[in-house]
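Step one of this worksheet: look at the structure below.
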Amino acid sequence: MSTLKVDTILKRTGTGTITVGQSGDTISVPTGATLSVAGSSVTAVDNTPSFRVRSTAGQSISNTTWTKVEWNTEDKDTDSAFSSNRFTVPSGEGGLYFFQWSIENNGKVASNAYYDVALYKNGSNDTTIRSRQNPTTTGTYDVYNNGGGGIVLAAGDYIELFYYQNTGGSVTLEGNYRSWTGYKLIGA
């Protein structure tokens, strides 16, 4: 392997295309290096920090009470930023984040019942990121609630997922049928 050390690479005549590598090659930008593109800097080319958590145990949700959703299995946590059922933005990683969840509950579906999932930012309900299910059939069956959205976060901000239902009794969030994923968007 050879190393080429230069300060500037220019096309030998006029302007045009400069090709680096060929089909099938991998061009590597080492950790800590900055790639400057048309006046803007790109220091990372992956969606990190990121996490994916899920649960393998049921969780009871009381009537008309916002309850923090619990997670007992981490499938991925690139920056060790997920703990105690919350994601905390690492130092220097502020920006736009995307979160997505999938939750199933079983239990009684009463007339006019609804099931909400909301992101809580720093302990408060962020009303901009929320999903709701309003089943129209009463009875006993499973309700699926999937949702997601983007939110701007600063270093040290933390995000938790909360569940709310108003069936008149408790419902159980299913184990093995709930997951939550989050990641920082590239260039955000």
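The chains in the structure tokens are called A, B, ... from first to last as shown; in each chain the residues are counted from 1, and the ligands are counted from 1 in the order shown.
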
Fewer than 6 positions away in the same chain doesn't count, so skip those; otherwise give me all residues within 8 Å of A:Tyr163, counting only C-alpha atoms, as a tab-separated table (two decimals) with N, CA, C and O atoms, in the first residue's frame.
chain	number	residue	atom	x	y	z
A	61	ILE	N	-51.23	-0.67	32.30
A	61	ILE	CA	-51.44	0.77	32.15
A	61	ILE	C	-52.79	1.10	32.79
A	61	ILE	O	-53.84	0.63	32.35
A	66	TRP	N	-51.13	9.06	32.38
A	66	TRP	CA	-49.95	8.93	31.50
A	66	TRP	C	-48.93	8.07	32.23
A	66	TRP	O	-48.53	8.40	33.35
A	67	THR	N	-48.51	6.97	31.61
A	67	THR	CA	-47.60	6.01	32.23
A	67	THR	C	-46.37	5.83	31.34
A	67	THR	O	-46.49	5.59	30.14
A	68	LYS	N	-45.17	5.94	31.95
A	68	LYS	CA	-43.94	5.75	31.18
A	68	LYS	C	-43.83	4.30	30.73
A	68	LYS	O	-43.99	3.38	31.54
A	69	VAL	N	-43.56	4.10	29.44
A	69	VAL	CA	-43.41	2.76	28.89
A	69	VAL	C	-42.04	2.21	29.30
A	69	VAL	O	-41.04	2.92	29.22
A	115	TYR	N	-56.44	5.51	22.82
A	115	TYR	CA	-55.12	5.07	23.29
A	115	TYR	C	-54.08	6.00	22.70
A	115	TYR	O	-53.94	6.09	21.47
A	116	ASP	N	-53.36	6.73	23.55
A	116	ASP	CA	-52.38	7.71	23.10
A	116	ASP	C	-50.97	7.25	23.44
A	116	ASP	O	-50.73	6.65	24.49
A	117	VAL	N	-50.02	7.59	22.55
A	117	VAL	CA	-48.59	7.45	22.82
A	117	VAL	C	-47.99	8.83	22.57
A	117	VAL	O	-48.30	9.48	21.57
A	118	ALA	N	-47.14	9.29	23.49
A	118	ALA	CA	-46.54	10.61	23.35
A	118	ALA	C	-45.08	10.58	23.79
A	118	ALA	O	-44.71	9.84	24.70

Q: Using DSSP on the backbone coordinates, identify the residues of stretch 11-185 of chain A assigned to strand (DSSP E or B); present them as number ranges by chain.
A: A: 35-37, 40-42, 50-54, 59-61, 67-68, 73-77, 82-83, 86-88, 95-106, 108-109, 115-121, 124-133, 139-140, 143-153, 158-165, 171-184

Q. When distances are computed from only C-alpha atoms, which of A:Leu161, A:Ala57, A:Leu185, A:Ile27 shows the smallest separation from A:Leu119?
A.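 Selected residue with least distance to A:Leu119: A:Leu161.
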
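Excluding A:Ile103 itself and any same-chain residue fewer than 6 positions from it, the protein and nucleic acid residues within 6 Å of it, counting only C-alpha atoms, are A:Tyr144, A:Asn145, A:Arg178.
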
Limited to C-alpha atoms, could you put the picked residues into a file as a PDB file, in the first residue's frame?
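And here's selection19.pdb as it stands now:
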ATOM      1  CA  TYR A 144     -51.945  -1.463  17.766  1.00  0.00           C
ATOM      2  CA  ASN A 145     -50.429   2.000  18.063  1.00  0.00           C
ATOM      3  CA  ARG A 178     -43.508  -3.263  21.431  1.00  0.00           C
TER       4      ARG A 178
END

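Across the structure, atom CA of A:Asn166 and atom CA of A:Arg132 are spaced 11.7 Å apart.
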
Q.
So, with only C-alpha atoms as the atoms that count, which of A:Gly123, A:Pro30, A:Pro135, A:Gly92 lies closest to A:Gln165?
A.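 Using only C-alpha atoms, A:Gln165 sits closest to A:Pro135.
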
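With only C-alpha atoms as the atoms that count, the residue of A:Arg86, A:Arg54, A:Lys11, A:Arg130 with the shortest distance to A:Gly149 is A:Arg130.
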
(Q) Need the shell around A:Asn106: protein/DNA/RNA residues with any atom at most 8 Å away, counting only C-alpha atoms. Skip same-chain ones fewer than 6 positions apart. Format as a list in words? (A)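 In the requested format, the answer is Thr140, Tyr141, Asp142, Val143, Val171, Thr172, Leu173 and Glu174 of chain A.
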
Q.
Please list as a PyMOL selection string every residue within 9 Å of A:Gly94, counting only C-alpha atoms and excluding residues in the same chain fewer than 4 positions away.
A. chain A and resi 89-90+152-157+184+188

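The residue that comes closest to A:Gln59, out of A:Thr26, A:Asp75, A:Asn47, A:Glu104 and on the basis of only C-alpha atoms, is A:Glu104.
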
(Q) Between atom CA of A:Ser50 and atom CA of A:Trp180, what distance in Å does the model show, to one decimal? (A) 10.8 Å
